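Have a look at input27.csv; it's CSV, C-alpha atoms:
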chain,number,residue,atom,x,y,z
A,1,GLN,CA,18.5,11.8,15.5
A,2,VAL,CA,15.8,9.6,13.9
A,3,GLN,CA,14.7,6.2,15.1
A,4,LEU,CA,12.7,3.8,13.0
A,5,VAL,CA,10.9,0.8,14.5
A,6,GLU,CA,9.3,-1.9,12.3
A,7,SER,CA,6.6,-4.3,13.3
A,8,GLY,CA,4.2,-6.8,11.7
A,9,GLY,CA,6.5,-9.3,10.1
A,10,GLY,CA,5.9,-13.0,10.5
A,11,LEU,CA,5.2,-16.4,8.8
A,12,VAL,CA,2.5,-16.7,6.2
A,13,GLN,CA,1.6,-19.3,3.5
A,14,ALA,CA,1.9,-18.5,-0.1
A,15,GLY,CA,-1.0,-16.5,-1.3
A,16,GLY,CA,-1.6,-14.9,2.0
A,17,SER,CA,-1.2,-11.3,3.2
A,18,LEU,CA,0.8,-9.4,5.7
A,19,ARG,CA,1.1,-5.7,6.7
A,20,VAL,CA,4.3,-4.3,8.1
A,21,SER,CA,4.5,-0.9,9.7
A,22,CYS,CA,7.3,1.5,10.6
A,23,ALA,CA,7.0,4.3,13.1
A,24,ALA,CA,9.5,7.1,12.9
A,25,SER,CA,10.4,9.2,15.9
A,26,GLY,CA,12.9,12.0,16.7
A,27,ARG,CA,13.7,14.9,14.5
A,28,ILE,CA,11.3,14.4,11.5
A,29,VAL,CA,11.1,17.1,9.0
A,30,ARG,CA,8.1,17.7,6.8
A,31,LEU,CA,9.8,16.9,3.5
A,32,ASN,CA,11.0,13.3,3.6
A,33,ASP,CA,10.7,10.1,1.6
A,34,MET,CA,9.9,6.8,3.2
A,35,ALA,CA,10.5,3.4,1.7
A,36,TRP,CA,10.7,-0.3,2.2
A,37,TYR,CA,13.7,-2.4,1.2
A,38,ARG,CA,14.3,-6.1,1.6
A,39,GLN,CA,17.2,-8.4,1.8
A,40,ALA,CA,17.0,-12.1,1.2
A,41,PRO,CA,19.8,-14.5,2.3
A,42,GLY,CA,22.8,-14.2,0.0
A,43,LYS,CA,21.3,-11.3,-1.9
A,44,GLN,CA,21.8,-7.6,-2.0
A,45,ARG,CA,19.3,-5.3,-0.3
A,46,GLU,CA,16.7,-4.1,-2.9
A,47,LEU,CA,14.1,-1.4,-3.0
A,48,VAL,CA,10.6,-2.7,-2.7
A,49,ALA,CA,8.5,0.5,-2.7
A,50,VAL,CA,8.8,4.2,-1.9
A,51,VAL,CA,6.4,6.9,-1.0
A,52,LEU,CA,7.5,10.5,-1.5
A,53,SER,CA,6.6,13.4,0.7
A,54,GLY,CA,4.0,14.5,-1.8
A,55,GLY,CA,2.4,11.0,-1.8
A,56,ARG,CA,3.7,9.7,-5.1
A,57,THR,CA,4.6,6.0,-5.0
A,58,ASN,CA,7.0,3.7,-6.9
A,59,TYR,CA,7.3,0.0,-6.8
A,60,ALA,CA,9.8,-2.7,-7.8
A,61,ASP,CA,8.5,-4.6,-10.8
A,62,ALA,CA,8.4,-7.8,-8.7
A,63,VAL,CA,5.8,-6.5,-6.3
A,64,LYS,CA,3.7,-4.2,-8.6
A,65,GLY,CA,0.0,-5.1,-8.2
A,66,ARG,CA,0.5,-7.1,-5.0
A,67,PHE,CA,2.1,-4.6,-2.6
A,68,THR,CA,0.8,-1.2,-1.5
A,69,ILE,CA,2.9,1.4,0.3
A,70,SER,CA,1.2,4.2,2.3
A,71,ARG,CA,2.0,6.7,4.9
A,72,ASP,CA,0.4,8.6,7.8
A,73,ASN,CA,2.3,11.8,8.0
A,74,ALA,CA,0.6,12.8,11.3
A,75,LYS,CA,2.0,9.7,12.9
A,76,SER,CA,5.2,9.6,10.9
A,77,THR,CA,4.4,6.0,10.0
A,78,VAL,CA,4.7,4.1,6.8
A,79,PHE,CA,2.9,0.9,6.0
A,80,LEU,CA,3.5,-1.9,3.4
A,81,GLN,CA,0.5,-4.0,2.7
A,82,MET,CA,1.6,-7.3,1.0
A,83,ASN,CA,-0.9,-9.4,-0.7
A,84,THR,CA,-0.6,-12.6,-2.8
A,85,LEU,CA,2.7,-13.3,-1.1
A,86,LYS,CA,5.1,-15.7,-2.8
A,87,PRO,CA,8.0,-17.7,-1.3
A,88,GLU,CA,10.4,-15.4,-3.2
A,89,ASP,CA,9.1,-12.5,-1.1
A,90,THR,CA,10.9,-14.1,1.9
A,91,ALA,CA,13.4,-11.6,3.3
A,92,VAL,CA,14.1,-9.2,6.1
A,93,TYR,CA,12.2,-6.0,5.3
A,94,TYR,CA,13.8,-2.7,6.3
A,95,CYS,CA,12.2,0.6,6.7
A,96,ASN,CA,14.0,3.6,5.3
A,97,LEU,CA,13.5,7.3,5.8
A,98,ARG,CA,15.4,9.9,3.7
A,99,GLN,CA,15.5,13.5,4.7
A,100,GLU,CA,18.0,16.3,4.3
A,101,SER,CA,20.2,14.0,2.2
A,102,LEU,CA,20.5,11.5,5.1
A,103,ASN,CA,19.3,8.0,5.2
A,104,TYR,CA,17.9,6.3,8.3
A,105,TRP,CA,17.2,2.6,8.7
A,106,GLY,CA,15.1,0.4,11.0
A,107,GLN,CA,16.4,-2.8,12.5
A,108,GLY,CA,14.4,-5.0,10.0
A,109,THR,CA,11.5,-7.4,10.4
A,110,GLN,CA,11.5,-10.9,9.0
A,111,VAL,CA,8.9,-12.0,6.5
A,112,THR,CA,8.8,-15.6,5.7
A,113,VAL,CA,6.4,-17.1,3.0
A,114,SER,CA,6.0,-20.8,3.0
A,115,PRO,CA,5.2,-22.7,-0.2
What would you get if you wrote out this structure as structure tokens?
Amino acid sequence: QVQLVESGGGLVQAGGSLRVSCAASGRIVRLNDMAWYRQAPGKQRELVAVVLSGGRTNYADAVKGRFTISRDNAKSTVFLQMNTLKPEDTAVYYCNLRQESLNYWGQGTQVTVSP
């Protein structure tokens, strides 16, 4: 079993920065992809950024140039540095780990950006 625990969300003014973290524990295999999704009220969950096991990253167009995803494989942790935040970034951010064709999710952390 795999457990994911997010931390670092909160309230920030537009233009500010936040970093969210996600620590994975349990049966973690070497080859896995880690990602951040978000879900705003009344909207579907959407992919924000993903970092593959080899280090390659991909971002949603809405966050390119503002967000940076990174991972520490030794600690099975993934980070999302969010800069120049906008009110439309307000959402619950979920950590995702995909390994051996299975998806695991964290409980989510709230990020709120005030105008």
>> Between A:Gln3, A:Gln81, A:Ser114, A:Asn96, which residue has the minimum interatomic distance to Met34 in chain A, considering all atoms listed in the file?
In response: A:Asn96
Near range 18-25 of chain A, counting all atoms listed in the file, which residues have an atom at most 7 Å away, once you skip same-chain residues fewer than 6 positions from it, shown as a PDB file with C-alpha atoms, in the coordinates of the input?
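Below you can see selection22.pdb, which holds the result:
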ATOM      1  CA  VAL A   2      15.800   9.600  13.900  1.00  0.00           C
ATOM      2  CA  GLN A   3      14.700   6.200  15.100  1.00  0.00           C
ATOM      3  CA  LEU A   4      12.700   3.800  13.000  1.00  0.00           C
ATOM      4  CA  VAL A   5      10.900   0.800  14.500  1.00  0.00           C
ATOM      5  CA  GLU A   6       9.300  -1.900  12.300  1.00  0.00           C
ATOM      6  CA  SER A   7       6.600  -4.300  13.300  1.00  0.00           C
ATOM      7  CA  GLY A   8       4.200  -6.800  11.700  1.00  0.00           C
ATOM      8  CA  GLY A   9       6.500  -9.300  10.100  1.00  0.00           C
ATOM      9  CA  SER A  76       5.200   9.600  10.900  1.00  0.00           C
ATOM     10  CA  THR A  77       4.400   6.000  10.000  1.00  0.00           C
ATOM     11  CA  VAL A  78       4.700   4.100   6.800  1.00  0.00           C
ATOM     12  CA  PHE A  79       2.900   0.900   6.000  1.00  0.00           C
ATOM     13  CA  LEU A  80       3.500  -1.900   3.400  1.00  0.00           C
ATOM     14  CA  GLN A  81       0.500  -4.000   2.700  1.00  0.00           C
ATOM     15  CA  MET A  82       1.600  -7.300   1.000  1.00  0.00           C
ATOM     16  CA  ASN A  83      -0.900  -9.400  -0.700  1.00  0.00           C
ATOM     17  CA  CYS A  95      12.200   0.600   6.700  1.00  0.00           C
TER      18      CYS A  95
END
Take the point (10.5, -9.0, 0.7) in the file's coordinates, draw a sphere of radius 10 Å around it, and report as a PDB file with C-alpha atoms, in the coordinates of the input every protein, DNA or RNA residue with an atom inside or on it, counting only C-alpha atoms.
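Resulting contents of out-v9.pdb:
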ATOM      1  CA  TRP A  36      10.700  -0.300   2.200  1.00  0.00           C
ATOM      2  CA  TYR A  37      13.700  -2.400   1.200  1.00  0.00           C
ATOM      3  CA  ARG A  38      14.300  -6.100   1.600  1.00  0.00           C
ATOM      4  CA  GLN A  39      17.200  -8.400   1.800  1.00  0.00           C
ATOM      5  CA  ALA A  40      17.000 -12.100   1.200  1.00  0.00           C
ATOM      6  CA  ARG A  45      19.300  -5.300  -0.300  1.00  0.00           C
ATOM      7  CA  GLU A  46      16.700  -4.100  -2.900  1.00  0.00           C
ATOM      8  CA  LEU A  47      14.100  -1.400  -3.000  1.00  0.00           C
ATOM      9  CA  VAL A  48      10.600  -2.700  -2.700  1.00  0.00           C
ATOM     10  CA  ALA A  62       8.400  -7.800  -8.700  1.00  0.00           C
ATOM     11  CA  VAL A  63       5.800  -6.500  -6.300  1.00  0.00           C
ATOM     12  CA  MET A  82       1.600  -7.300   1.000  1.00  0.00           C
ATOM     13  CA  LEU A  85       2.700 -13.300  -1.100  1.00  0.00           C
ATOM     14  CA  LYS A  86       5.100 -15.700  -2.800  1.00  0.00           C
ATOM     15  CA  PRO A  87       8.000 -17.700  -1.300  1.00  0.00           C
ATOM     16  CA  GLU A  88      10.400 -15.400  -3.200  1.00  0.00           C
ATOM     17  CA  ASP A  89       9.100 -12.500  -1.100  1.00  0.00           C
ATOM     18  CA  THR A  90      10.900 -14.100   1.900  1.00  0.00           C
ATOM     19  CA  ALA A  91      13.400 -11.600   3.300  1.00  0.00           C
ATOM     20  CA  VAL A  92      14.100  -9.200   6.100  1.00  0.00           C
ATOM     21  CA  TYR A  93      12.200  -6.000   5.300  1.00  0.00           C
ATOM     22  CA  TYR A  94      13.800  -2.700   6.300  1.00  0.00           C
ATOM     23  CA  THR A 109      11.500  -7.400  10.400  1.00  0.00           C
ATOM     24  CA  GLN A 110      11.500 -10.900   9.000  1.00  0.00           C
ATOM     25  CA  VAL A 111       8.900 -12.000   6.500  1.00  0.00           C
ATOM     26  CA  THR A 112       8.800 -15.600   5.700  1.00  0.00           C
ATOM     27  CA  VAL A 113       6.400 -17.100   3.000  1.00  0.00           C
TER      28      VAL A 113
END
> Do you have the CA of Val29 in chain A-CA of Glu100 in chain A distance handy?
Replying inline: 8.4 Å
>> Show me the residues around (11.8, 17.5, 9.7) - criterion: an atom at most 12 Å away, all atoms listed in the file counted - as a list in words.
In response: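 Output: Gln1, Val2, Ala24, Ser25, Gly26, Arg27, Ile28, Val29, Arg30, Leu31, Asn32, Asp33, Ser53, Asn73, Ser76, Leu97, Arg98, Gln99, Glu100, Ser101 and Leu102 of chain A.
Nearest residue to Ala35 in chain A among A:Phe67, A:Gln13, A:Val50, A:Ala60 is A:Val50, counting all atoms listed in the file.
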Find the residues near Asp61 in chain A: any atom within 10 Å, counting all atoms listed in the file, skip ones fewer than 3 places away on the same chain, and give them as a compact mmCIF listing (two decimals) with C-alpha atoms, keeping the file's coordinate frame.
# COMPACT_ATOMS: atom_id res chain seq x y z
CA VAL A 48 10.60 -2.70 -2.70
CA ALA A 49 8.50 0.50 -2.70
CA ASN A 58 7.00 3.70 -6.90
CA LYS A 64 3.70 -4.20 -8.60
CA GLY A 65 0.00 -5.10 -8.20
